[in-house]
Amino acid sequence: MLGKHADFRERQKRAPLYEQLERHVKRRPHPFHVPGHKMGHSFDREGKHRFQSILEIDLTEINGTDDLHQPEGVIAEAQQLAAEAFGAEETRFLIGGSTVGNLALIMTVCRPGDKILVQRNCHKSVYHGIIMARATPIFLVPAVDLATGVAAGVRREDVERALQAHPDAKAVFLTNPTYYGMGIDLEKMAATVHRHGIPLLIDEAHGSHFGFHPAFPLSAMLSGADAAVQSTHKMASAMTMSSMLHLQGERIDRERLFRYLAMIQSSSPSYVLMASLDLARRHLVQEAHEEWERLLPQLDKLRERTGRLEWLEWPQLDASSVYATLDPLKLFLHVRTEQINGFALQHIMEKHGIFPELADSAHVLLAASAGTCARDLDSLARLLESLDIEVEPGAERILEAGVVSSHYLREQVLPMDEAVDLPKESIPLDHSLGRVVAEMVIPYPPGIPVLVPGERVDAQGLAMLLELRKGQTRFHGVQDDQLQTIQVLR
Ligand SMILES: Cc1ncc(COP(=O)(O)O)c(C=O)c1O
């Protein structure tokens, strides 16, 4: 893709921030600056052996290391190389995950009361951004994949309809791909949104590898979106918390955006994490392709080998799919029997040393990456083949489209930002029907709120929570993470 030209590849061999940190360490400097471990000289004796080499580059804003909030040197260069690699006009490193990128973007495009079109099955950080901006969300209900019963992406006709009904909306904010790897035709979506003169913002947390191999979908930047937030730590090789924000075009006020980023990110961002972004970009351009070339046929083989088992299914993109793209790195196992559920299967896997990304009652999601080895895949295949599971006739877990879509729509009695500040009380979840919820109820993973503050608990929402509570889902955003009780407005 982008990396075809020899001069591009040559330029991309550099990792200016990482190289500067290495140069600094080689000088054997006397560090009279924070952090207090002084490049590892003072650190817990037991932990030191593991941390030492990292502590040496855990530096701060000193001469030569530049400043994330005012980049002019090696950080600016590293960000420029990232922009070039990802096809953006400008890229900013994020220390604080895609979370801070989503927050800052929403606060940039919305002033209090402004409308923003947003996918209901978005990550909690998008909801948090809406609360912080005191914006008004117009929810877009995603299409449901009938084969697996999971919410996929939003339909263009639904976005068009919402744009016509809300011509004063300031932006469209979508998640692409979903946690499960399903995506929409973003080029067409960008054209639709841009016809209404507003920006398309994409939470591309799970798509930092997109555009770097022909087997992967086109990235948001290459599809014409105005902004894309990527968790480079999720599907590429950066360290946890290290993410990127890519920008292009004139529709976003970058000065305002960078001001918000400076407010919500630490004034002492980790150089280890920033350097890991520099290296993750170089790895994507220079080395990952070869690793994916090795991995992708192995993934096909795994799907083929285990696809013979009647009790499981790997979703496949075909003419009837409600999504337009599917990330081949996401192994999204659909359990097609009542004999075992996704949680139990996850438990069995963990007992055998295989740790999936997430499970729900009917699925287990395993995320592969360039770092996945043949040995990992072989262990997984052998375990799945060894399980003695049958499919009872008619026991397939296929949900009705309407059921899942409506799980994400309920009456908004009060704006979210007002509801979070009103007097509340805790009541048993079982008795909450009809009450207005005062907290965000987010089964995690995948981090999609079932209820948000200000919404009335309806029968479908309650049934969904009771079902999730029976499994091992952890709940975020709530005071009682077992969800025996729920906070409602008094
Ligand atoms: C769709 C989506 N967006 C955003 C985020 C937040 O990303 P981060 O963990 O990098 O802050 C996540 C995290 O799981 C996510 O799944």
# chains A, B, ... in the order shown; residues from 1 in each chain; ligands from 1
$ residues_near_ligand --ligand "ligand 1" --cutoff "6 Å" --atoms "only C-alpha atoms and all ligand atoms" --output "PyMOL selection string"
chain A and resi 97-99+123+179+203+205+231+241
$ residues_around --residues "Leu383 in chain A" --least-positions-apart "4" --cutoff "9 Å" --atoms "only C-alpha atoms" --output "list in words"
Ile348, Met349, His352, Asp378, Ser379 and Leu387 of chain A
$ closest_atom_pairs --of "range 350-452 of chain A" --to "range 109-116 of chain A" --cutoff "12 Å" --atoms "only C-alpha atoms" --output "Markdown table"
| residue | atom | partner | partner_atom | distance |
| --- | --- | --- | --- | --- |
| A:Pro415 | CA | A:Gly113 | CA | 9.5 |
| A:Met416 | CA | A:Gly113 | CA | 11.2 |
| A:Asp417 | CA | A:Pro112 | CA | 10.0 |
| A:Glu418 | CA | A:Gly113 | CA | 11.5 |
$ residues_around --residues "range 250-259 of chain A" --least-positions-apart "2" --cutoff "6 Å" --atoms "only C-alpha atoms" --output "mmCIF file with C-alpha atoms, in the first residue's frame"
data_model
loop_
_atom_site.group_PDB
_atom_site.id
_atom_site.type_symbol
_atom_site.label_atom_id
_atom_site.label_comp_id
_atom_site.auth_asym_id
_atom_site.auth_seq_id
_atom_site.Cartn_x
_atom_site.Cartn_y
_atom_site.Cartn_z
ATOM 1 C CA THR A 108 -13.539 19.921 19.998
ATOM 2 C CA PRO A 199 -16.751 15.944 9.807
ATOM 3 C CA LEU A 261 -5.416 17.101 24.360
ATOM 4 C CA ALA A 262 -3.052 19.161 26.493
#
$ atom_distance --atom1 "CA of Ala152 in chain A" --atom2 "CA of Tyr323 in chain A"
6.3 Å
$ atom_distance --atom1 "CA of Pro217 in chain A" --atom2 "CA of Val118 in chain A"
21.8 Å
$ atom_distance --atom1 "CA of Leu245 in chain A" --atom2 "CA of Ala227 in chain A"
7.0 Å
$ select_by_dssp --residues "range 137-223 of chain A" --states "strand (DSSP E)" --output "tab-separated table (two decimals) with N, CA, C and O atoms, in the first residue's frame"
chain	number	residue	atom	x	y	z
A	137	PRO	N	-26.39	13.58	22.31
A	137	PRO	CA	-26.17	12.51	21.34
A	137	PRO	C	-27.45	12.18	20.57
A	137	PRO	O	-28.53	12.12	21.15
A	138	ILE	N	-27.31	11.98	19.28
A	138	ILE	CA	-28.41	11.41	18.47
A	138	ILE	C	-27.92	10.01	18.13
A	138	ILE	O	-26.96	9.85	17.38
A	139	PHE	N	-28.56	9.01	18.73
A	139	PHE	CA	-28.05	7.65	18.59
A	139	PHE	C	-28.41	7.02	17.25
A	139	PHE	O	-29.55	7.14	16.77
A	140	LEU	N	-27.43	6.34	16.68
A	140	LEU	CA	-27.64	5.57	15.45
A	140	LEU	C	-27.61	4.11	15.84
A	140	LEU	O	-26.63	3.64	16.44
A	172	VAL	N	-20.43	13.41	12.79
A	172	VAL	CA	-20.85	12.01	12.91
A	172	VAL	C	-19.67	11.25	13.50
A	172	VAL	O	-18.54	11.39	13.01
A	173	PHE	N	-19.93	10.51	14.56
A	173	PHE	CA	-18.86	9.78	15.25
A	173	PHE	C	-19.18	8.29	15.19
A	173	PHE	O	-20.15	7.84	15.78
A	174	LEU	N	-18.36	7.52	14.46
A	174	LEU	CA	-18.62	6.09	14.30
A	174	LEU	C	-17.45	5.25	14.79
A	174	LEU	O	-16.31	5.75	14.88
A	175	THR	N	-17.74	4.00	15.10
A	175	THR	CA	-16.70	3.04	15.48
A	175	THR	C	-16.46	2.11	14.30
A	175	THR	O	-17.40	1.49	13.82
A	182	MET	N	-15.76	-6.27	12.54
A	182	MET	CA	-16.66	-5.98	11.43
A	182	MET	C	-16.63	-4.50	11.08
A	182	MET	O	-16.56	-3.65	11.98
A	183	GLY	N	-16.70	-4.21	9.79
A	183	GLY	CA	-16.62	-2.81	9.38
A	183	GLY	C	-17.59	-2.46	8.28
A	183	GLY	O	-18.22	-3.33	7.68
A	200	LEU	N	-16.51	13.56	9.65
A	200	LEU	CA	-16.71	12.17	10.05
A	200	LEU	C	-15.53	11.78	10.93
A	200	LEU	O	-14.37	11.81	10.50
A	201	LEU	N	-15.84	11.44	12.17
A	201	LEU	CA	-14.80	11.07	13.14
A	201	LEU	C	-14.89	9.56	13.37
A	201	LEU	O	-15.98	9.03	13.58
A	202	ILE	N	-13.76	8.90	13.33
A	202	ILE	CA	-13.79	7.44	13.45
A	202	ILE	C	-12.97	6.97	14.64
A	202	ILE	O	-11.78	7.28	14.78
A	203	ASP	N	-13.65	6.20	15.49
A	203	ASP	CA	-12.95	5.46	16.54
A	203	ASP	C	-12.43	4.19	15.88
A	203	ASP	O	-13.18	3.23	15.66
$ select_by_dssp --residues "range 65-262 of chain A" --states "helix (DSSP H, G or I)" --output "PyMOL selection string"
chain A and resi 74-86+97-109+124-133+156-165+186-195+220-223+232-235+254-262
